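Structure data follow from query25.csv (CSV, C-alpha atoms and all ligand atoms):
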```csv
chain,number,residue,atom,x,y,z
A,1,MET,CA,121.9,98.7,100.3
A,2,GLN,CA,123.1,100.2,103.5
A,3,GLY,CA,123.4,98.4,106.8
A,4,LEU,CA,121.6,99.2,110.0
A,5,ALA,CA,124.7,100.9,111.4
A,6,SER,CA,125.0,103.5,108.7
A,7,ARG,CA,121.3,104.5,109.1
A,8,ALA,CA,121.2,104.7,112.8
A,9,SER,CA,122.7,107.5,114.8
A,10,ILE,CA,126.2,107.1,116.2
A,11,LEU,CA,124.6,107.0,119.7
A,12,ALA,CA,122.4,104.2,118.6
A,13,ILE,CA,125.4,102.2,117.3
A,14,GLY,CA,127.2,102.5,120.6
A,15,CYS,CA,124.0,101.6,122.5
A,16,LEU,CA,123.3,98.7,120.3
A,17,ALA,CA,126.7,97.2,121.0
A,18,LEU,CA,126.2,97.6,124.7
A,19,LEU,CA,122.7,96.1,124.3
A,20,LEU,CA,124.0,93.1,122.5
A,21,ALA,CA,126.6,92.6,125.1
A,22,ALA,CA,124.0,92.9,127.9
A,23,PHE,CA,121.9,90.3,126.1
A,24,ALA,CA,124.7,87.7,126.3
A,25,TYR,CA,123.5,87.2,129.8
A,26,ALA,CA,119.8,87.7,129.4
A,27,ALA,CA,117.4,84.8,129.1
A,28,ALA,CA,116.1,84.1,125.6
A,29,PRO,CA,115.3,87.6,124.4
A,30,VAL,CA,112.8,88.1,121.6
A,31,ASN,CA,114.5,88.6,118.3
A,32,VAL,CA,113.4,91.5,116.1
A,33,LYS,CA,114.1,89.8,112.8
A,34,ALA,CA,113.1,92.6,110.5
A,35,VAL,CA,111.4,95.9,110.4
A,36,ARG,CA,109.1,96.7,107.5
A,37,LEU,CA,107.5,100.0,106.5
A,38,TRP,CA,104.8,101.0,104.1
A,39,ALA,CA,103.2,104.4,103.4
A,40,GLY,CA,99.8,104.8,101.9
A,41,PRO,CA,97.7,107.9,101.4
A,42,ASP,CA,95.9,107.5,104.7
A,43,GLY,CA,98.7,106.4,106.9
A,44,THR,CA,101.9,104.6,107.5
A,45,ARG,CA,102.3,101.0,108.8
A,46,LEU,CA,105.4,99.7,110.6
A,47,VAL,CA,105.7,96.0,111.1
A,48,PHE,CA,108.2,94.3,113.4
A,49,ASP,CA,108.8,90.7,112.6
A,50,LEU,CA,109.5,88.9,115.9
A,51,SER,CA,110.7,85.5,117.1
A,52,ALA,CA,107.9,85.5,119.8
A,53,PRO,CA,105.1,87.8,121.0
A,54,VAL,CA,106.3,90.8,123.0
A,55,GLU,CA,105.1,93.3,125.5
A,56,HIS,CA,105.4,96.9,124.3
A,57,ASN,CA,104.7,100.5,125.1
A,58,VAL,CA,104.1,103.4,122.8
A,59,LEU,CA,104.7,107.0,123.7
A,60,THR,CA,103.9,110.1,121.6
A,61,LEU,CA,106.3,113.0,122.2
A,62,GLN,CA,106.4,116.6,120.8
A,63,ASN,CA,109.0,119.2,119.9
A,64,PRO,CA,110.1,117.6,117.8
A,65,ASP,CA,107.3,115.2,117.0
A,66,ARG,CA,108.3,111.6,117.6
A,67,ILE,CA,106.9,108.3,118.7
A,68,VAL,CA,108.7,106.0,121.0
A,69,ILE,CA,108.1,102.2,121.0
A,70,ASP,CA,109.6,100.3,123.9
A,71,ILE,CA,109.7,96.5,123.4
A,72,SER,CA,110.3,94.4,126.5
A,73,GLY,CA,113.1,91.8,126.5
A,74,ALA,CA,114.0,92.2,122.9
A,75,ARG,CA,117.1,92.5,120.7
A,76,VAL,CA,117.7,93.3,117.1
A,77,ASP,CA,118.8,90.6,114.8
A,78,GLY,CA,122.4,91.7,113.8
A,79,ALA,CA,121.6,91.3,110.1
A,80,SER,CA,118.4,93.2,110.0
A,81,GLU,CA,118.2,96.7,108.5
A,82,LEU,CA,116.0,99.6,109.4
A,83,PRO,CA,113.9,100.8,106.5
A,84,GLU,CA,114.3,104.2,104.9
A,85,GLY,CA,111.8,106.8,106.1
A,86,GLN,CA,108.6,107.2,104.2
A,87,GLY,CA,105.1,108.5,104.9
A,88,PHE,CA,104.9,109.7,108.5
A,89,VAL,CA,108.3,108.2,109.3
A,90,LYS,CA,111.1,110.7,108.6
A,91,GLN,CA,113.6,108.4,110.3
A,92,LEU,CA,113.7,105.3,112.4
A,93,ARG,CA,116.3,104.8,115.1
A,94,VAL,CA,116.9,102.0,117.6
A,95,GLY,CA,118.8,101.7,120.9
A,96,PRO,CA,118.7,99.9,124.2
A,97,GLN,CA,116.2,100.8,126.9
A,98,GLY,CA,117.1,99.8,130.5
A,99,ARG,CA,118.8,96.5,130.9
A,100,SER,CA,116.9,94.3,128.5
A,101,ASP,CA,114.5,96.3,126.5
A,102,LEU,CA,114.7,97.8,123.0
A,103,ARG,CA,113.6,101.4,122.2
A,104,PHE,CA,112.6,102.4,118.6
A,105,VAL,CA,112.3,106.1,118.0
A,106,ILE,CA,110.3,107.3,115.0
A,107,ASP,CA,111.1,110.8,114.0
A,108,LEU,CA,107.9,112.0,112.5
A,109,ALA,CA,107.5,113.9,109.2
A,110,ALA,CA,104.2,115.2,110.5
A,111,PRO,CA,102.1,114.8,113.7
A,112,ALA,CA,100.5,111.3,113.7
A,113,ALA,CA,98.5,109.1,116.0
A,114,PRO,CA,99.9,105.7,116.7
A,115,ASN,CA,97.8,102.5,117.0
A,116,SER,CA,99.8,99.4,117.9
A,117,PHE,CA,98.9,95.7,118.2
A,118,ASN,CA,100.4,92.2,118.2
A,119,VAL,CA,99.6,89.9,115.4
A,120,ALA,CA,99.8,86.1,115.7
A,121,PRO,CA,101.6,84.0,113.1
A,122,SER,CA,99.6,83.4,109.9
A,123,GLY,CA,100.5,81.9,106.6
A,124,SER,CA,104.2,82.6,105.9
A,125,TYR,CA,104.3,85.3,108.6
A,126,GLY,CA,105.4,84.8,112.2
A,127,HIS,CA,104.7,86.9,115.3
A,128,ARG,CA,104.5,90.6,114.5
A,129,LEU,CA,104.1,93.9,116.2
A,130,VAL,CA,102.2,96.4,114.0
A,131,VAL,CA,102.3,100.1,114.6
A,132,ASP,CA,99.9,102.1,112.4
A,133,LEU,CA,100.4,105.9,112.1
A,134,SER,CA,97.4,107.9,111.0
A,135,PRO,CA,96.9,111.6,110.5
A,136,ILE,CA,95.7,113.4,113.6
A,137,ALA,CA,91.9,113.5,113.2
A,138,SER,CA,90.6,116.7,111.7
A,139,ASN,CA,87.0,117.7,110.8
A,140,ALA,CA,87.6,117.9,107.1
A,141,PRO,CA,84.3,117.6,105.3
A,142,PRO,CA,83.9,114.5,103.1
A,143,VAL,CA,84.5,114.8,99.4
A,144,VAL,CA,81.2,115.5,97.7
A,145,VAL,CA,81.1,114.3,94.1
A,146,LYS,CA,77.4,113.9,93.3
A,147,SER,CA,76.5,117.6,93.3
A,148,ALA,CA,78.5,118.2,90.1
A,149,ASP,CA,76.6,119.3,87.0
A,150,GLU,CA,73.0,118.9,87.9
A,151,ALA,CA,71.9,120.1,84.4
A,152,HIS,CA,73.4,117.2,82.6
A,153,GLY,CA,73.0,114.6,85.3
A,154,ARG,CA,75.8,113.6,87.5
A,155,ASP,CA,78.1,110.7,86.7
A,156,VAL,CA,77.5,107.3,88.1
A,157,ILE,CA,80.4,106.6,90.5
A,158,VAL,CA,82.0,103.1,90.6
A,159,ALA,CA,84.4,102.4,93.4
A,160,ILE,CA,86.9,99.8,92.2
A,161,ASP,CA,88.7,97.9,94.9
A,162,ALA,CA,91.9,96.2,94.0
A,163,GLY,CA,92.1,93.3,96.4
A,164,HIS,CA,95.0,93.0,98.9
A,165,GLY,CA,98.2,95.2,98.5
A,166,GLY,CA,101.3,96.1,100.4
A,167,VAL,CA,102.1,93.7,103.2
A,168,ASP,CA,99.2,91.5,102.1
A,169,PRO,CA,100.1,89.8,98.7
A,170,GLY,CA,96.8,87.8,98.5
A,171,SER,CA,97.1,84.4,96.9
A,172,ILE,CA,100.3,83.5,95.2
A,173,GLY,CA,100.4,81.3,92.0
A,174,LYS,CA,102.7,78.4,91.4
A,175,SER,CA,104.9,80.7,89.2
A,176,GLY,CA,105.0,83.4,91.8
A,177,THR,CA,102.3,85.7,90.4
A,178,ARG,CA,100.9,87.7,93.3
A,179,GLU,CA,97.2,88.4,93.5
A,180,LYS,CA,97.7,92.0,94.7
A,181,ASN,CA,99.6,92.9,91.5
A,182,VAL,CA,97.0,91.3,89.2
A,183,THR,CA,94.1,92.9,91.0
A,184,LEU,CA,95.7,96.3,90.8
A,185,ALA,CA,96.4,95.9,87.1
A,186,ILE,CA,92.9,94.9,86.3
A,187,ALA,CA,91.5,97.6,88.6
A,188,ARG,CA,93.5,100.3,86.8
A,189,ARG,CA,92.3,99.0,83.4
A,190,LEU,CA,88.7,98.9,84.6
A,191,LYS,CA,89.0,102.5,85.9
A,192,GLU,CA,90.4,103.7,82.6
A,193,ARG,CA,87.6,102.0,80.7
A,194,ILE,CA,84.9,103.4,83.0
A,195,ASP,CA,86.3,106.9,82.8
A,196,ARG,CA,86.1,106.8,79.0
A,197,GLU,CA,82.3,106.1,79.3
A,198,PRO,CA,80.1,109.2,79.3
A,199,GLY,CA,78.1,109.4,82.5
A,200,MET,CA,80.4,107.1,84.4
A,201,ARG,CA,83.4,107.7,86.6
A,202,ALA,CA,85.6,105.4,88.6
A,203,VAL,CA,87.5,105.8,91.8
A,204,LEU,CA,90.1,103.4,93.2
A,205,THR,CA,90.3,102.3,96.8
A,206,ARG,CA,94.0,101.9,96.3
A,207,ASP,CA,96.1,103.0,93.3
A,208,SER,CA,99.4,101.5,94.1
A,209,ASP,CA,101.0,98.7,96.2
A,210,TYR,CA,100.0,99.6,99.7
A,211,PHE,CA,97.9,97.9,102.4
A,212,VAL,CA,94.3,99.1,103.0
A,213,GLU,CA,92.1,97.6,105.6
A,214,LEU,CA,88.9,96.1,104.4
A,215,ARG,CA,86.9,98.5,106.6
A,216,ASP,CA,88.8,101.5,105.1
A,217,ARG,CA,88.0,100.3,101.6
A,218,ILE,CA,84.3,100.7,102.3
A,219,VAL,CA,85.0,104.1,104.0
A,220,ARG,CA,86.7,105.3,100.9
A,221,ALA,CA,83.9,104.2,98.6
A,222,ARG,CA,81.4,105.9,100.8
A,223,ARG,CA,83.4,109.1,101.0
A,224,GLN,CA,83.3,109.2,97.2
A,225,GLN,CA,79.5,108.5,97.3
A,226,ALA,CA,79.9,105.5,95.2
A,227,ASP,CA,76.9,104.0,93.4
A,228,MET,CA,78.5,100.7,93.3
A,229,PHE,CA,81.5,98.9,94.9
A,230,VAL,CA,83.4,96.4,92.8
A,231,SER,CA,86.1,94.4,94.5
A,232,VAL,CA,88.6,92.7,92.2
A,233,HIS,CA,90.3,89.5,93.2
A,234,ALA,CA,91.9,86.3,91.9
A,235,ASP,CA,90.7,83.0,93.4
A,236,SER,CA,92.8,80.2,94.9
A,237,TYR,CA,92.1,76.7,95.8
A,238,ARG,CA,93.9,73.6,97.1
A,239,ASP,CA,93.0,71.7,94.0
A,240,ARG,CA,95.0,73.3,91.2
A,241,SER,CA,92.7,72.0,88.5
A,242,VAL,CA,89.9,74.3,89.6
A,243,VAL,CA,89.3,77.1,87.1
A,244,GLY,CA,86.8,79.8,86.2
A,245,SER,CA,85.4,83.1,87.4
A,246,SER,CA,83.0,83.7,90.2
A,247,VAL,CA,81.1,86.8,91.2
A,248,TYR,CA,80.1,87.2,94.9
A,249,VAL,CA,77.5,89.2,96.7
A,250,LEU,CA,77.1,89.4,100.4
A,251,SER,CA,75.1,86.5,101.8
A,252,ALA,CA,72.2,87.3,104.2
A,253,ARG,CA,73.5,84.8,106.7
A,254,GLY,CA,77.2,84.6,106.0
A,255,ALA,CA,78.7,82.0,103.8
A,256,SER,CA,76.2,79.9,101.9
A,257,ASP,CA,78.3,76.9,101.1
A,258,GLU,CA,81.5,75.3,102.1
A,259,SER,CA,83.8,76.6,99.5
A,260,ALA,CA,82.4,80.1,99.9
A,261,ARG,CA,82.9,80.0,103.6
A,262,TRP,CA,86.5,78.8,103.1
A,263,LEU,CA,87.1,81.6,100.7
A,264,ALA,CA,85.4,84.2,102.9
A,265,ASP,CA,87.5,83.3,105.8
A,266,ARG,CA,90.6,83.6,103.8
A,267,GLU,CA,89.8,86.8,102.1
A,268,ASN,CA,88.7,88.4,105.4
A,269,ALA,CA,91.7,87.1,107.3
A,270,ALA,CA,94.1,88.5,104.7
A,271,ASP,CA,93.1,91.9,105.8
A,272,LEU,CA,94.7,91.6,109.0
A,273,VAL,CA,98.3,91.5,107.9
A,274,GLY,CA,97.2,88.0,108.9
A,275,GLY,CA,95.4,87.5,112.0
A,276,VAL,CA,94.4,90.7,113.8
A,277,SER,CA,90.9,90.3,114.7
A,278,LEU,CA,88.5,92.9,113.4
A,279,ASP,CA,85.8,91.5,115.8
A,280,ASP,CA,85.3,94.8,117.6
A,281,LYS,CA,84.9,96.7,114.3
A,282,ASP,CA,82.9,93.9,112.9
A,283,SER,CA,80.3,94.1,115.6
A,284,VAL,CA,79.8,97.8,115.0
A,285,LEU,CA,79.4,97.0,111.3
A,286,ALA,CA,77.1,94.1,112.1
A,287,SER,CA,74.8,96.3,114.2
A,288,VAL,CA,74.7,98.9,111.4
A,289,LEU,CA,73.7,96.1,109.1
A,290,LEU,CA,71.0,94.9,111.3
A,291,ASP,CA,69.6,98.4,111.7
A,292,LEU,CA,69.5,99.3,108.1
A,293,SER,CA,67.3,97.7,105.6
A,294,GLN,CA,69.8,96.0,103.2
A,295,GLY,CA,67.3,94.2,101.1
A,296,ALA,CA,67.2,96.7,98.2
A,297,SER,CA,71.0,96.9,98.1
A,298,MET,CA,71.4,93.2,98.2
A,299,SER,CA,69.0,92.6,95.3
A,300,ALA,CA,70.7,95.3,93.3
A,301,SER,CA,74.1,93.7,94.1
A,302,PHE,CA,72.7,90.4,92.8
A,303,ASP,CA,71.5,92.0,89.5
A,304,ALA,CA,74.9,93.6,89.0
A,305,ALA,CA,76.7,90.4,89.8
A,306,GLN,CA,74.6,88.4,87.4
A,307,LYS,CA,75.4,90.9,84.6
A,308,VAL,CA,79.1,90.8,85.3
A,309,MET,CA,79.0,87.0,85.4
A,310,ASP,CA,77.3,86.9,82.0
A,311,GLU,CA,80.0,89.1,80.5
A,312,LEU,CA,82.8,87.0,82.1
A,313,ASP,CA,81.2,83.9,80.6
A,314,ARG,CA,81.4,85.5,77.2
A,315,ILE,CA,85.1,85.9,77.3
A,316,GLY,CA,85.6,82.2,77.4
A,317,ASN,CA,86.0,81.0,81.0
A,318,VAL,CA,86.0,77.3,80.9
A,319,THR,CA,83.7,76.8,83.9
A,320,ARG,CA,80.6,78.7,84.7
A,321,ARG,CA,80.9,79.1,88.5
A,322,GLY,CA,78.1,81.7,88.7
A,323,VAL,CA,77.0,84.2,91.3
A,324,LYS,CA,77.6,83.1,94.8
A,325,SER,CA,77.2,84.7,98.2
A,326,ALA,CA,79.6,84.8,101.1
A,327,GLY,CA,80.3,86.9,104.2
A,328,PHE,CA,83.0,89.1,102.7
A,329,LEU,CA,83.6,92.1,104.8
A,330,VAL,CA,84.2,94.4,101.8
A,331,LEU,CA,80.7,93.7,100.6
A,332,LYS,CA,79.1,94.8,103.8
A,333,SER,CA,78.1,98.4,102.8
A,334,PRO,CA,74.5,98.6,103.8
A,335,ASP,CA,73.5,100.9,101.1
A,336,ILE,CA,76.0,100.5,98.2
A,337,PRO,CA,75.4,97.6,95.9
A,338,SER,CA,78.6,95.6,96.2
A,339,ILE,CA,80.1,92.8,94.3
A,340,LEU,CA,83.4,90.9,94.5
A,341,VAL,CA,84.8,89.4,91.3
A,342,GLU,CA,87.1,86.4,91.5
A,343,THR,CA,88.4,86.9,88.0
A,344,ALA,CA,90.1,83.5,87.7
A,345,PHE,CA,92.1,80.9,89.7
A,346,ILE,CA,95.6,82.1,90.3
A,347,SER,CA,96.2,78.6,91.8
A,348,ASN,CA,95.6,77.1,88.3
A,349,PRO,CA,98.8,77.4,86.2
A,350,THR,CA,97.0,78.2,83.0
A,351,GLU,CA,94.8,80.8,84.6
A,352,GLU,CA,97.8,82.2,86.5
A,353,SER,CA,99.6,82.9,83.2
A,354,ARG,CA,96.5,84.4,81.6
A,355,LEU,CA,96.1,86.7,84.7
A,356,GLY,CA,99.6,87.9,84.1
A,357,SER,CA,99.0,88.9,80.5
A,358,SER,CA,98.0,92.5,79.8
A,359,LYS,CA,95.7,91.4,77.0
A,360,HIS,CA,93.7,89.1,79.3
A,361,GLN,CA,93.7,91.7,82.0
A,362,GLN,CA,92.1,94.1,79.5
A,363,ARG,CA,89.6,91.5,78.5
A,364,LEU,CA,88.6,91.0,82.1
A,365,ALA,CA,88.3,94.7,82.7
A,366,GLU,CA,86.2,95.1,79.6
A,367,ALA,CA,83.9,92.3,80.7
A,368,ILE,CA,83.4,93.7,84.2
A,369,PHE,CA,82.9,97.2,82.7
A,370,GLN,CA,80.2,95.9,80.3
A,371,GLY,CA,78.4,94.1,83.2
A,372,VAL,CA,78.5,97.2,85.4
A,373,ARG,CA,77.4,99.4,82.6
A,374,GLY,CA,74.5,97.1,81.7
A,375,TYR,CA,73.4,97.1,85.3
A,376,PHE,CA,73.3,100.9,85.4
A,377,TYR,CA,71.4,101.2,82.2
A,378,THR,CA,68.8,98.8,83.6
A,379,ASN,CA,68.7,100.4,87.0
A,380,PRO,CA,69.9,104.0,86.6
A,381,PRO,CA,70.3,106.0,89.8
A,382,PRO,CA,68.0,109.1,89.7
A,383,GLY,CA,69.7,112.4,88.7
A,384,THR,CA,72.4,110.7,86.7
A,385,LEU,CA,73.3,111.2,83.0
A,386,VAL,CA,72.6,107.5,82.6
A,387,ALA,CA,69.1,108.0,83.9
A,388,GLN,CA,68.6,110.9,81.4
A,389,ARG,CA,69.8,108.9,78.5
A,390,ARG,CA,67.6,106.1,79.5
A,391,SER,CA,64.5,108.2,79.7
A,392,GLN,CA,65.2,110.3,76.6
A,393,SER,CA,65.4,107.2,74.4
A,394,ARG,CA,62.3,105.4,73.3
A,395,ASP,CA,64.2,102.3,73.0
A,396,PRO,CA,66.6,101.9,75.9
A,397,ALA,CA,68.4,99.1,74.1
A,398,VAL,CA,69.6,101.6,71.5
A,399,VAL,CA,71.1,103.7,74.3
A,400,ALA,CA,72.5,100.7,76.0
A,401,SER,CA,74.2,99.5,72.8
A,402,ALA,CA,75.3,102.9,71.6
A,403,LYS,CA,78.9,102.4,72.6
A,404,GLY,CA,79.3,99.6,70.1
A,405,ASP,CA,78.6,96.7,72.4
A,406,ALA,CA,75.2,95.8,73.7
A,407,GLY,CA,77.0,94.5,76.8
A,408,GLY,CA,74.9,92.9,79.5
A,409,SER,CA,72.1,95.3,78.9
A,410,GLY,CA,71.2,94.5,75.3
A,411,THR,CA,69.8,91.0,76.0
A,412,ASP,CA,67.2,91.9,78.5
A,413,GLN,CA,65.7,95.2,77.5
A,501,ZN,ZN,91.7,88.0,97.1
```

Step by step, read the file and then write its structure as structure tokens.
Amino acid sequence: MQGLASRASILAIGCLALLLAAFAYAAAPVNVKAVRLWAGPDGTRLVFDLSAPVEHNVLTLQNPDRIVIDISGARVDGASELPEGQGFVKQLRVGPQGRSDLRFVIDLAAPAAPNSFNVAPSGSYGHRLVVDLSPIASNAPPVVVKSADEAHGRDVIVAIDAGHGGVDPGSIGKSGTREKNVTLAIARRLKERIDREPGMRAVLTRDSDYFVELRDRIVRARRQQADMFVSVHADSYRDRSVVGSSVYVLSARGASDESARWLADRENAADLVGGVSLDDKDSVLASVLLDLSQGASMSASFDAAQKVMDELDRIGNVTRRGVKSAGFLVLKSPDIPSILVETAFISNPTEESRLGSSKHQQRLAEAIFQGVRGYFYTNPPPGTLVAQRRSQSRDPAVVASAKGDAGGSGTDQ
């Protein structure tokens, strides 16, 4: 571990010393307690942990490309370190600006557009200033997957969404198991299982430990022309004795019962690196939802959720919690059947330990796979290999069980 001083430029060191001296006389400056940095495939997020909310200003400069963030009335905590560059951030520097302000300079690895906002305290996090760097918009065409191999029927595409990630750990079990790691492990296993199945293919909305906004998760699924969206989570509740799996679909009128509402609030809030309102984005989404007929998609979602729930029951969850509905943002694709699987309660010590075991993760992935597969063999999208297999067989159940396990489809065909 290197200290702040060794990372910053010599100029910055000198300036920082002056700055700290200057602050000896300033009134209660805001403390920048830590600076955190994450890079994902779609952008880079910089988070300043603060002792109080700040006023700030962001400037974009060229030749060389850099972004300047001025924070009013702030000082750097002497013990804090600046993170190593990653993603769009080649290097981060800090120095004083004027008499009492702080200037962070991001030397960019590539041109990027900044978006900055303050975040109120939430959970274990205090006040934060977030600066997102995203690629300068280009008119790149969306990835088209469905046109592949018309003759044999295209693959059914399943978007798998590992809940949380990066700055957002999700729920944390008593032994410290983090939901974001469990969801990613199960999502990867589910993808691997789906990709082994002829006629089916999976894409992940995130494939490592980085933060993705809920809205972007939907965008990624849509870009891949997904036929289904499966969000993987682990549940949590105040009462640690509560156990079992639940599968959620979007409710027509938001949360349908008290615990669903509580959960929906929490899962949605988690998106925000705690607390940034998505209200403006939400209203756009809401109007889209109102305009488009969502009935067909919602009933498909319910069918799929039911099949996945049946499979989860088979692997021995103690409590049947059933299919529920709630106002999860990630389920709000108007035209992609979407389900959210709360695999188990990470807040329950027994389930927490099962969630951490690779054997049980595989079992959960297999159950979700069988449920999703069963759904597609019951409701094959036109033009898919699955649809061809269905229509070529006199007895659909034979096709449905050809992989050695009748799955959710064998019982009702
Ligand atoms: Zn979650």

- prompt: So which residues are near ligand ZN 501 (chain A), meaning at most 7 Å away with all atoms listed in the file counted, given back as an MDAnalysis selection string?
  reply: chainID A and resid 163:164 170:171 179 233:235 267

task: Could you check which of A:Thr177, A:Thr343, A:Asn63, A:Ser124 is closest to Pro111 of chain A, using all atoms listed in the file?
output: A:Asn63

Expected answer as JSON, numbers by chain: all residues with atoms within 6 Å of (109.0, 108.4, 116.6), all atoms listed in the file: {"A": [66, 67, 68, 105, 106, 107, 108]}

- line: Taken to one decimal, the atom CA of Ile157 of chain A-atom CA of Pro198 of chain A distance is 11.5 Å

query: Smallest atom-to-atom distance to Pro382 of chain A: which of A:Leu312, A:Val156, A:Ala109, A:Val94, using only C-alpha atoms?
result: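 Closest residue, counting only C-alpha atoms: A:Val156.
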
field: Shell of 7 Å around Val386 of chain A, all atoms listed in the file, local chain residues under 4 positions omitted, as a list in words
entry: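 These residues fall inside the cut-off: Gly199, Tyr377, Pro380 and Arg390 of chain A.
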
Put those residues in a file: C-alpha atoms, as a PDB file, keeping the file's coordinate frame.
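Heads up, here's the output in selection_12.pdb:
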```pdb
ATOM      1  CA  GLY A 199      78.100 109.400  82.500  1.00  0.00           C
ATOM      2  CA  TYR A 377      71.400 101.200  82.200  1.00  0.00           C
ATOM      3  CA  PRO A 380      69.900 104.000  86.600  1.00  0.00           C
ATOM      4  CA  ARG A 390      67.600 106.100  79.500  1.00  0.00           C
TER       5      ARG A 390
END
```

message: Residues near Gly73 of chain A, anyone? I mean within 7 Å using all atoms listed in the file, not counting same-chain ones fewer than 3 positions away, as JSON, numbers by chain.
response: {"A": [29, 30, 100, 101]}

message: One decimal, in Å: what's the spacing between atom CA of Phe211 of chain A and atom CA of Gln86 of chain A?
response: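 Calculated distance between atom CA of Phe211 of chain A and atom CA of Gln86 of chain A is 14.3 Å.
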
Point-to-point distance in Å for atom CA of Gln225 of chain A and atom CA of Asp335 of chain A: 10.4 Å

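All residues of protein, DNA or RNA that reach within 7 Å of Arg103 of chain A, judged by all atoms listed in the file and not counting those fewer than 4 positions away in the chain, are Val68, Ile69, Asp70, Ile71, Val94, Gly95, Pro96 and Gln97 of chain A.
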
field: Given only C-alpha atoms as the counted atoms, nearest of A:Arg196, A:Lys324, A:Arg178, A:Arg373 to Asp227 of chain A
entry: A:Arg373

message: Counting all atoms listed in the file, which residue out of A:Ala120, A:Val243, A:Val182, A:Val372 sits closest to Phe302 of chain A?
response: A:Val372

- request: Would you mind telling me which residue in A:Ala74, A:Val47, A:Leu59, A:Ile336 lies nearest to Val119 of chain A when using all atoms listed in the file?
  value: A:Val47
